[in-house]
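Working notes, beginning with the structure itself.
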Amino acid sequence: MKEVKLRAANVSLVAFYGDKPVELKDLIAKLQEYLASHPLLKTKFIPYQMSQVHGTIIGCEGWSAHRGIISRWFKERRKEEKYLDLAALATCSSLLRDFPLTIRWGGYEAEQDYNFLSRGQTLYTRSFQLQSAADITIPVLIGWSWQDNGVTLALDRLRRSFQQFNLLHKYHDTNEAIDNDFYLRLGTINARLSAAEIKEISSQARNILSASSILIPLRIQDLAFVRYQDIQLTPRTTQVISLNDITTSQLEQLYA
């Protein structure tokens, strides 16, 4: 029997792709300038364009099959074959009753207990990360949903809610897994850094962040579906449709 090759489509729901609040742009620019001028990096840091810096709400990747779009992360993480409900997903903005959410970046102190750990680490430590990948290093700014002077699990709940459309967040490999991080990739460092270099660069960046905080409302109009060719979401090769404007037909075309 001839094997049928499935065609993959790289689709995600992202936030703040393109326009951003001024305070968020200023913070991104400050960190990009810090990295670009750091003596350990010199010309190795390549900043993303301001428009392409974004936060991923949930990856919607899938494969086109005869019956529809197979949900990639249900298939890979839980070995379950489920098909995306694109008609319902196209109208999901009406279900986002908790919006707007407030995201807080910065102002996290090293010794303070926020009653929440991100991957077992304090918010101060997780607020800025240098993540190694192959021969590059990726600088990441991380924030969390914030209400009543504390972290909430609103982002994790939001990601989990997409299971009703047969979408699984890639870091929800089990029912107990939690991913409450709102992360922004700032660019690419074209080198693998030593542990000592990572520690020095990260510590200084975290100190910059801890000096002050910004609270940014995440609104439904800040969300968009994208079809991308690379994980950087390079603008010239990325198709973007606002969540508020998308139709079932347009969503289907992203997977075509």
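Going by the structure tokens order, chains are called A, B, ..., each with residues numbered from 1, while ligands are numbered from 1 in the order shown.
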Per residue of segment 41-146 of chain A within 9 Å of segment 165-179 of chain A, record the nearest atom pair and its distance in Å to one decimal, counting only C-alpha atoms, with rows in chain order and ascending residue number, as JSON lines.
```
{"residue": "A:Ile57", "atom": "CA", "partner": "A:His169", "partner_atom": "CA", "distance": 8.6}
{"residue": "A:Ile58", "atom": "CA", "partner": "A:His169", "partner_atom": "CA", "distance": 5.6}
{"residue": "A:Gly59", "atom": "CA", "partner": "A:His169", "partner_atom": "CA", "distance": 6.5}
{"residue": "A:Cys60", "atom": "CA", "partner": "A:Leu167", "partner_atom": "CA", "distance": 6.5}
{"residue": "A:Glu61", "atom": "CA", "partner": "A:Leu167", "partner_atom": "CA", "distance": 8.7}
{"residue": "A:Ile70", "atom": "CA", "partner": "A:Asn166", "partner_atom": "CA", "distance": 9.0}
{"residue": "A:Ser71", "atom": "CA", "partner": "A:Leu167", "partner_atom": "CA", "distance": 6.2}
{"residue": "A:Arg72", "atom": "CA", "partner": "A:Leu168", "partner_atom": "CA", "distance": 8.2}
{"residue": "A:Trp73", "atom": "CA", "partner": "A:Lys170", "partner_atom": "CA", "distance": 5.5}
{"residue": "A:Phe74", "atom": "CA", "partner": "A:Leu168", "partner_atom": "CA", "distance": 5.6}
{"residue": "A:Glu76", "atom": "CA", "partner": "A:Lys170", "partner_atom": "CA", "distance": 8.7}
{"residue": "A:Arg77", "atom": "CA", "partner": "A:Asp173", "partner_atom": "CA", "distance": 5.2}
{"residue": "A:Arg78", "atom": "CA", "partner": "A:Asp173", "partner_atom": "CA", "distance": 6.4}
{"residue": "A:Lys82", "atom": "CA", "partner": "A:Asn166", "partner_atom": "CA", "distance": 6.1}
{"residue": "A:Tyr83", "atom": "CA", "partner": "A:Asn166", "partner_atom": "CA", "distance": 6.3}
{"residue": "A:Leu84", "atom": "CA", "partner": "A:Asn166", "partner_atom": "CA", "distance": 5.2}
{"residue": "A:Asp85", "atom": "CA", "partner": "A:Phe165", "partner_atom": "CA", "distance": 5.0}
{"residue": "A:Leu86", "atom": "CA", "partner": "A:Phe165", "partner_atom": "CA", "distance": 7.4}
{"residue": "A:Ala88", "atom": "CA", "partner": "A:Phe165", "partner_atom": "CA", "distance": 6.7}
{"residue": "A:Leu89", "atom": "CA", "partner": "A:Phe165", "partner_atom": "CA", "distance": 6.1}
{"residue": "A:Cys92", "atom": "CA", "partner": "A:Phe165", "partner_atom": "CA", "distance": 9.0}
{"residue": "A:Ser118", "atom": "CA", "partner": "A:Asp179", "partner_atom": "CA", "distance": 7.9}
{"residue": "A:Arg119", "atom": "CA", "partner": "A:Asp179", "partner_atom": "CA", "distance": 8.3}
```
Write the selection just made, keeping C-alpha atoms, as a short mmCIF file (atom, residue, chain, number, x, y, z; two decimals), in the first residue's frame?
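Output saved as out22.cif:
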```
data_model
loop_
_atom_site.label_atom_id
_atom_site.label_comp_id
_atom_site.auth_asym_id
_atom_site.auth_seq_id
_atom_site.Cartn_x
_atom_site.Cartn_y
_atom_site.Cartn_z
CA ILE A 57 -0.26 32.07 22.54
CA ILE A 58 -0.56 28.60 21.04
CA GLY A 59 0.94 26.75 18.10
CA CYS A 60 -1.77 25.63 15.68
CA GLU A 61 0.45 23.52 13.46
CA ILE A 70 -4.52 16.62 12.01
CA SER A 71 -3.52 18.42 15.21
CA ARG A 72 0.27 18.18 15.37
CA TRP A 73 0.79 18.49 19.09
CA PHE A 74 -1.98 16.07 20.08
CA GLU A 76 3.25 14.19 18.80
CA ARG A 77 2.79 14.85 22.52
CA ARG A 78 -0.09 12.51 23.39
CA LYS A 82 -7.51 14.66 16.42
CA TYR A 83 -8.76 16.99 13.73
CA LEU A 84 -8.91 20.75 14.14
CA ASP A 85 -12.36 22.34 14.36
CA LEU A 86 -11.52 25.29 12.12
CA ALA A 88 -15.19 26.99 15.78
CA LEU A 89 -11.60 28.21 16.00
CA CYS A 92 -12.97 31.78 19.20
CA SER A 118 8.34 29.05 36.19
CA ARG A 119 9.86 25.67 35.35
#
```
Enumerate, in order of chain and increasing residue number, the residues of segment 44-100 of chain A with an atom no farther than 10 Å from segment 234-244 of chain A, each with its shortest atom pair and distance in Å to one decimal, counting only C-alpha atoms, as a tab-separated table.
```
residue	atom	partner	partner_atom	distance
A:Tyr48	CA	A:Thr234	CA	8.6
A:Gln49	CA	A:Thr234	CA	8.5
A:Ser51	CA	A:Pro235	CA	7.8
A:Gln52	CA	A:Pro235	CA	6.4
A:Val53	CA	A:Thr234	CA	9.6
A:Leu89	CA	A:Leu243	CA	9.6
A:Ala90	CA	A:Leu243	CA	7.6
A:Thr91	CA	A:Leu243	CA	8.4
A:Cys92	CA	A:Leu243	CA	8.3
A:Ser93	CA	A:Asn244	CA	6.7
A:Ser94	CA	A:Asn244	CA	9.2
```
*Report as a list in words: the residues of segment 96-175 of chain A with a DSSP assignment of strand (DSSP E or B), based on the backbone of this structure.*
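For segment 96-175 of chain A, the strand (DSSP E or B) set is Leu101, Thr102, Ile103, Arg104, Trp105, Gly106, Ser118, Gln121, Phe128, Gln129, Leu130, Gln131, Ser132, Ala133, Ile136, Thr137, Ile138, Pro139, Val140, Leu141, Ile142, Gly143, Trp144, Ser145, Trp146, Gln147, Gly150 and Val151 of chain A.
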*Polymer residues at most 12 Å from Leu101 of chain A, only C-alpha atoms, same-chain spacing of 6 or more positions, as a count of residues only*: 23
